[in-house]
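Enquirer: One structure follows; several queries about it will come next.
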Amino acid sequence: LLPPSYRIALNEGGNESYPTMVFVEKRPNHALKPMKMQNVKYILEMKLGLDQGISTSSALYESAKSVFSRSKIPIRVLSEDGNSEEFGFAKKKSAASTAWSFKLDYSSRDKIEQLSREHDVLSISSPNLSGGHGLNECYKIIEGLPWHCNVSSLVGSLHVRIDVSSAMSTEQLVKLCMNFIKYEESVDSFMPSHRRDDHCCDCRSNKHHIKGGNNKERNNLLSKCKTVQELVDCMNPSKEQCYKLNLSCLVELGYIEFRQHESSKDKTTVTNWIRFCAAFVKNSARLRSPLSLKETTSIEEEFDLLFEYVVKDRALRNFYRDRRDSIEAQERERQMAEAAVKEPSDEMSISDGSSSEDSTHTDRFKRLRTT
């Protein structure tokens, strides 16, 4: 409360008759804490690049040993020859159902043509996790990752699978898909450029591949889905593609998968993405069907609507707003650096009034004269 010496005067017309008193808060503002983690079951899969300074087999086992020594969580290593080695099972035989699995994954690498056979990918998969206890396990696993696990922009990814087998009806799943299509561009805004729109072969755009020219038409199309299989076919029309919201495991296993996030070794980044996915699913299911976006809605307005009416977590809103601004700043710096490299070469080509083709003819003429 303000002290009595700070007087507040209300006069007709809004004119101030007293000097303005400014109250200064000297204590720093505390960052908002995320809402309590939703009580959902989920699986986390992280894909990380491996440093070339260490052999593939050594990197696989050293990663598992490093994580186990730090976390004391059971680990199962699946080797290329089909054998497995286990850490942490001696004292806890029942840990087989709660073990994290470590294995090499060549499927992600093979999808990207730019990568050579030398780029290997470490895949780390969790068992079934739930609530805040599952987030604590993720913290411990990430803390133990060694130096040779790289956050590769090309092969790295972070997948979150949410269990909806017993909690959501077809109608609720339709509302979830409507929200995802509605807010896909705002989610793109806080993702790196190579995982936006329809650019990444590992997470194709649902919005671009579903029929309909605008949000209203897409909503009408989704509302006509009366079975889970019809919804899967609508959201994931190609069986050979993986989408940002992947429903390929929905019919058989009861999971929906969020595939868009890049890999990270930052605990807060990983756990906030899990929180985001869980809140998105739970709130989409319990709230009414979303209204269609107006054609004039900006990305900034769409971002605010997403966190105000769907995610409903101010701490996550602040986190992803800062992340979005940081990514945009990095993108601008990259573009400026590329432009700076390009400009000198352009100036050199025109400094003598000749083009590169002219200089080629001149060099050829000199060689002929020498001959």
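We label chains A, B, ... in the order they appear in the structure tokens, count residues from 1 in each chain, and number ligands from 1 in the order shown.
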Check the DSSP output for the backbone and give back, as a ChimeraX atom specification, the residues of region 113-357 of chain A in helix (DSSP H, G or I).

Expert: /A:131-143,170-188,193-195,206-209,215-223,228-235,250-253,267-286,299-311,314-351,356-357

Enquirer: Can you tell me, as a list in words, what residues are no more than 12 Å from Asp198 (chain A) when counting only C-alpha atoms, ignoring any on the same chain fewer than 3 positions away?

Expert: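 Counting only C-alpha atoms, the residues come to Glu184, Glu185, Asp188, Ser193, His194, Arg195, Cys201, Asp202, Cys203, Arg204, Ser205, Asn206, Lys207, His208, His209, Gln241, Cys242, Tyr243, Lys244 and Gln260 of chain A.
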
Enquirer: For Asp233 (chain A), which residue among A:Glu295, A:Lys36, A:Glu257, A:Ile210 is the nearest when counting only C-alpha atoms?

Expert: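 The shortest atom-to-atom distance to Asp233 (chain A) comes from A:Ile210.
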
Enquirer: Name all residues at most 10 Å from Ser189 (chain A) (count only C-alpha atoms; drop same-chain ones fewer than 3 positions away) and give them as an MDAnalysis selection string.

Expert: chainID A and resid 184:186 192:193 196:197 299:300 303 320:321 323:325 327:328

Enquirer: Within region 80-323 of chain A, find each residue whose DSSP state, derived from the backbone, is strand (DSSP E or B), and express the selection as a PDB file with N, CA, C and O atoms, in the first residue's frame.

Expert:
```pdb
ATOM      1  N   SER A  84      21.521 -55.846 -25.982  1.00  0.00           N
ATOM      2  CA  SER A  84      21.225 -54.734 -25.086  1.00  0.00           C
ATOM      3  C   SER A  84      22.067 -54.849 -23.825  1.00  0.00           C
ATOM      4  O   SER A  84      22.424 -55.949 -23.399  1.00  0.00           O
ATOM      5  N   GLU A  85      22.398 -53.716 -23.284  1.00  0.00           N
ATOM      6  CA  GLU A  85      23.121 -53.654 -22.020  1.00  0.00           C
ATOM      7  C   GLU A  85      22.349 -52.750 -21.080  1.00  0.00           C
ATOM      8  O   GLU A  85      21.836 -51.696 -21.498  1.00  0.00           O
ATOM      9  N   GLU A  86      22.261 -53.146 -19.839  1.00  0.00           N
ATOM     10  CA  GLU A  86      21.403 -52.435 -18.899  1.00  0.00           C
ATOM     11  C   GLU A  86      22.208 -51.845 -17.751  1.00  0.00           C
ATOM     12  O   GLU A  86      23.154 -52.467 -17.256  1.00  0.00           O
ATOM     13  N   PHE A  87      21.817 -50.649 -17.349  1.00  0.00           N
ATOM     14  CA  PHE A  87      22.424 -49.970 -16.211  1.00  0.00           C
ATOM     15  C   PHE A  87      21.327 -49.703 -15.179  1.00  0.00           C
ATOM     16  O   PHE A  87      20.271 -49.180 -15.519  1.00  0.00           O
ATOM     17  N   TRP A 100      14.832 -45.821 -19.389  1.00  0.00           N
ATOM     18  CA  TRP A 100      15.011 -45.010 -20.592  1.00  0.00           C
ATOM     19  C   TRP A 100      15.863 -45.809 -21.574  1.00  0.00           C
ATOM     20  O   TRP A 100      16.801 -46.517 -21.158  1.00  0.00           O
ATOM     21  N   SER A 101      15.572 -45.708 -22.858  1.00  0.00           N
ATOM     22  CA  SER A 101      16.325 -46.463 -23.860  1.00  0.00           C
ATOM     23  C   SER A 101      17.222 -45.525 -24.664  1.00  0.00           C
ATOM     24  O   SER A 101      16.820 -44.422 -25.030  1.00  0.00           O
ATOM     25  N   PHE A 102      18.451 -46.001 -24.925  1.00  0.00           N
ATOM     26  CA  PHE A 102      19.441 -45.280 -25.733  1.00  0.00           C
ATOM     27  C   PHE A 102      19.775 -46.154 -26.940  1.00  0.00           C
ATOM     28  O   PHE A 102      20.114 -47.329 -26.767  1.00  0.00           O
ATOM     29  N   LYS A 103      19.708 -45.569 -28.130  1.00  0.00           N
ATOM     30  CA  LYS A 103      20.064 -46.322 -29.328  1.00  0.00           C
ATOM     31  C   LYS A 103      20.463 -45.359 -30.436  1.00  0.00           C
ATOM     32  O   LYS A 103      20.196 -44.152 -30.371  1.00  0.00           O
ATOM     33  N   LEU A 104      21.143 -45.894 -31.446  1.00  0.00           N
ATOM     34  CA  LEU A 104      21.485 -45.114 -32.631  1.00  0.00           C
ATOM     35  C   LEU A 104      20.296 -45.122 -33.579  1.00  0.00           C
ATOM     36  O   LEU A 104      19.636 -46.150 -33.752  1.00  0.00           O
ATOM     37  N   VAL A 121      23.027 -40.277 -35.171  1.00  0.00           N
ATOM     38  CA  VAL A 121      22.014 -39.677 -34.319  1.00  0.00           C
ATOM     39  C   VAL A 121      21.774 -40.579 -33.121  1.00  0.00           C
ATOM     40  O   VAL A 121      21.556 -41.787 -33.270  1.00  0.00           O
ATOM     41  N   LEU A 122      21.806 -39.996 -31.931  1.00  0.00           N
ATOM     42  CA  LEU A 122      21.486 -40.708 -30.704  1.00  0.00           C
ATOM     43  C   LEU A 122      20.024 -40.461 -30.378  1.00  0.00           C
ATOM     44  O   LEU A 122      19.592 -39.316 -30.254  1.00  0.00           O
ATOM     45  N   SER A 123      19.269 -41.539 -30.237  1.00  0.00           N
ATOM     46  CA  SER A 123      17.859 -41.439 -29.882  1.00  0.00           C
ATOM     47  C   SER A 123      17.676 -41.864 -28.432  1.00  0.00           C
ATOM     48  O   SER A 123      18.095 -42.958 -28.041  1.00  0.00           O
ATOM     49  N   ILE A 124      17.077 -40.987 -27.642  1.00  0.00           N
ATOM     50  CA  ILE A 124      16.819 -41.256 -26.223  1.00  0.00           C
ATOM     51  C   ILE A 124      15.314 -41.228 -26.009  1.00  0.00           C
ATOM     52  O   ILE A 124      14.662 -40.211 -26.265  1.00  0.00           O
ATOM     53  N   SER A 125      14.754 -42.354 -25.552  1.00  0.00           N
ATOM     54  CA  SER A 125      13.302 -42.461 -25.358  1.00  0.00           C
ATOM     55  C   SER A 125      12.988 -42.770 -23.907  1.00  0.00           C
ATOM     56  O   SER A 125      13.641 -43.609 -23.277  1.00  0.00           O
ATOM     57  N   LEU A 129       5.755 -41.537 -18.694  1.00  0.00           N
ATOM     58  CA  LEU A 129       5.921 -40.571 -17.617  1.00  0.00           C
ATOM     59  C   LEU A 129       4.580 -39.909 -17.326  1.00  0.00           C
ATOM     60  O   LEU A 129       3.655 -39.968 -18.139  1.00  0.00           O
ATOM     61  N   SER A 130       4.499 -39.262 -16.170  1.00  0.00           N
ATOM     62  CA  SER A 130       3.259 -38.557 -15.841  1.00  0.00           C
ATOM     63  C   SER A 130       3.554 -37.387 -14.918  1.00  0.00           C
ATOM     64  O   SER A 130       4.428 -37.463 -14.048  1.00  0.00           O
ATOM     65  N   CYS A 149      27.239 -35.230 -27.129  1.00  0.00           N
ATOM     66  CA  CYS A 149      25.853 -35.161 -27.605  1.00  0.00           C
ATOM     67  C   CYS A 149      25.572 -33.737 -28.056  1.00  0.00           C
ATOM     68  O   CYS A 149      25.471 -32.824 -27.234  1.00  0.00           O
ATOM     69  N   ASN A 150      25.468 -33.540 -29.363  1.00  0.00           N
ATOM     70  CA  ASN A 150      25.320 -32.199 -29.927  1.00  0.00           C
ATOM     71  C   ASN A 150      23.868 -31.882 -30.247  1.00  0.00           C
ATOM     72  O   ASN A 150      23.094 -32.768 -30.614  1.00  0.00           O
ATOM     73  N   SER A 157      15.895 -33.312 -32.821  1.00  0.00           N
ATOM     74  CA  SER A 157      14.457 -33.060 -32.679  1.00  0.00           C
ATOM     75  C   SER A 157      14.006 -33.485 -31.291  1.00  0.00           C
ATOM     76  O   SER A 157      14.705 -34.196 -30.573  1.00  0.00           O
ATOM     77  N   LEU A 158      12.825 -33.029 -30.936  1.00  0.00           N
ATOM     78  CA  LEU A 158      12.256 -33.294 -29.619  1.00  0.00           C
ATOM     79  C   LEU A 158      10.793 -33.661 -29.821  1.00  0.00           C
ATOM     80  O   LEU A 158       9.997 -32.829 -30.253  1.00  0.00           O
ATOM     81  N   HIS A 159      10.440 -34.894 -29.545  1.00  0.00           N
ATOM     82  CA  HIS A 159       9.083 -35.374 -29.775  1.00  0.00           C
ATOM     83  C   HIS A 159       8.404 -35.652 -28.429  1.00  0.00           C
ATOM     84  O   HIS A 159       9.002 -36.285 -27.551  1.00  0.00           O
ATOM     85  N   VAL A 160       7.166 -35.197 -28.300  1.00  0.00           N
ATOM     86  CA  VAL A 160       6.379 -35.448 -27.098  1.00  0.00           C
ATOM     87  C   VAL A 160       5.108 -36.181 -27.503  1.00  0.00           C
ATOM     88  O   VAL A 160       4.320 -35.679 -28.315  1.00  0.00           O
ATOM     89  N   ARG A 161       4.921 -37.371 -26.943  1.00  0.00           N
ATOM     90  CA  ARG A 161       3.720 -38.171 -27.221  1.00  0.00           C
ATOM     91  C   ARG A 161       2.807 -38.123 -25.997  1.00  0.00           C
ATOM     92  O   ARG A 161       3.208 -38.525 -24.904  1.00  0.00           O
ATOM     93  N   ILE A 162       1.584 -37.664 -26.211  1.00  0.00           N
ATOM     94  CA  ILE A 162       0.603 -37.540 -25.143  1.00  0.00           C
ATOM     95  C   ILE A 162      -0.406 -38.684 -25.255  1.00  0.00           C
ATOM     96  O   ILE A 162      -0.953 -38.935 -26.333  1.00  0.00           O
ATOM     97  N   ASP A 163      -0.659 -39.370 -24.142  1.00  0.00           N
ATOM     98  CA  ASP A 163      -1.612 -40.482 -24.115  1.00  0.00           C
ATOM     99  C   ASP A 163      -3.037 -39.937 -24.011  1.00  0.00           C
ATOM    100  O   ASP A 163      -3.381 -39.275 -23.032  1.00  0.00           O
ATOM    101  N   ARG A 204       6.060 -32.191 -41.253  1.00  0.00           N
ATOM    102  CA  ARG A 204       5.314 -31.479 -42.279  1.00  0.00           C
ATOM    103  C   ARG A 204       4.158 -30.681 -41.667  1.00  0.00           C
ATOM    104  O   ARG A 204       3.644 -31.011 -40.604  1.00  0.00           O
ATOM    105  N   TYR A 243       4.102 -35.485 -39.562  1.00  0.00           N
ATOM    106  CA  TYR A 243       3.548 -34.143 -39.462  1.00  0.00           C
ATOM    107  C   TYR A 243       3.842 -33.528 -38.095  1.00  0.00           C
ATOM    108  O   TYR A 243       4.198 -34.229 -37.144  1.00  0.00           O
ATOM    109  N   LEU A 245       1.759 -32.254 -35.938  1.00  0.00           N
ATOM    110  CA  LEU A 245       0.874 -33.002 -35.047  1.00  0.00           C
ATOM    111  C   LEU A 245       0.645 -34.350 -35.705  1.00  0.00           C
ATOM    112  O   LEU A 245      -0.139 -34.477 -36.638  1.00  0.00           O
ATOM    113  N   ASN A 246       1.359 -35.360 -35.226  1.00  0.00           N
ATOM    114  CA  ASN A 246       1.369 -36.664 -35.870  1.00  0.00           C
ATOM    115  C   ASN A 246       0.356 -37.579 -35.181  1.00  0.00           C
ATOM    116  O   ASN A 246       0.417 -37.782 -33.966  1.00  0.00           O
ATOM    117  N   TYR A 255      -1.858 -42.538 -28.811  1.00  0.00           N
ATOM    118  CA  TYR A 255      -0.966 -41.402 -28.585  1.00  0.00           C
ATOM    119  C   TYR A 255      -1.084 -40.395 -29.728  1.00  0.00           C
ATOM    120  O   TYR A 255      -1.257 -40.776 -30.884  1.00  0.00           O
ATOM    121  N   ILE A 256      -0.995 -39.112 -29.382  1.00  0.00           N
ATOM    122  CA  ILE A 256      -0.757 -38.080 -30.382  1.00  0.00           C
ATOM    123  C   ILE A 256       0.642 -37.530 -30.140  1.00  0.00           C
ATOM    124  O   ILE A 256       1.112 -37.489 -29.008  1.00  0.00           O
ATOM    125  N   GLU A 257       1.303 -37.137 -31.204  1.00  0.00           N
ATOM    126  CA  GLU A 257       2.727 -36.783 -31.111  1.00  0.00           C
ATOM    127  C   GLU A 257       2.965 -35.371 -31.643  1.00  0.00           C
ATOM    128  O   GLU A 257       2.560 -35.036 -32.748  1.00  0.00           O
ATOM    129  N   PHE A 258       3.634 -34.556 -30.821  1.00  0.00           N
ATOM    130  CA  PHE A 258       4.088 -33.230 -31.233  1.00  0.00           C
ATOM    131  C   PHE A 258       5.559 -33.349 -31.646  1.00  0.00           C
ATOM    132  O   PHE A 258       6.419 -33.639 -30.822  1.00  0.00           O
ATOM    133  N   ARG A 259       5.869 -33.087 -32.937  1.00  0.00           N
ATOM    134  CA  ARG A 259       7.189 -33.362 -33.487  1.00  0.00           C
ATOM    135  C   ARG A 259       7.977 -32.116 -33.876  1.00  0.00           C
ATOM    136  O   ARG A 259       9.110 -32.231 -34.363  1.00  0.00           O
ATOM    137  N   GLN A 260       7.431 -30.929 -33.680  1.00  0.00           N
ATOM    138  CA  GLN A 260       8.006 -29.749 -34.315  1.00  0.00           C
ATOM    139  C   GLN A 260       9.256 -29.213 -33.630  1.00  0.00           C
ATOM    140  O   GLN A 260      10.108 -28.604 -34.276  1.00  0.00           O
ATOM    141  N   HIS A 261       9.402 -29.416 -32.342  1.00  0.00           N
ATOM    142  CA  HIS A 261      10.490 -28.773 -31.594  1.00  0.00           C
ATOM    143  C   HIS A 261      11.855 -29.347 -31.966  1.00  0.00           C
ATOM    144  O   HIS A 261      11.997 -30.542 -32.191  1.00  0.00           O
TER     145      HIS A 261
END
```

Enquirer: For CA of Pro74 (chain A) and CA of Gln38 (chain A), quote the distance in Å rounded to one decimal.

Expert: 24.7 Å

Enquirer: So, counting only C-alpha atoms, which residue among A:Ser165, A:Ser326, A:Asn236, A:Gln52 is closest to Leu253 (chain A)?

Expert: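 Smallest distance to Leu253 (chain A) is found for A:Ser165.
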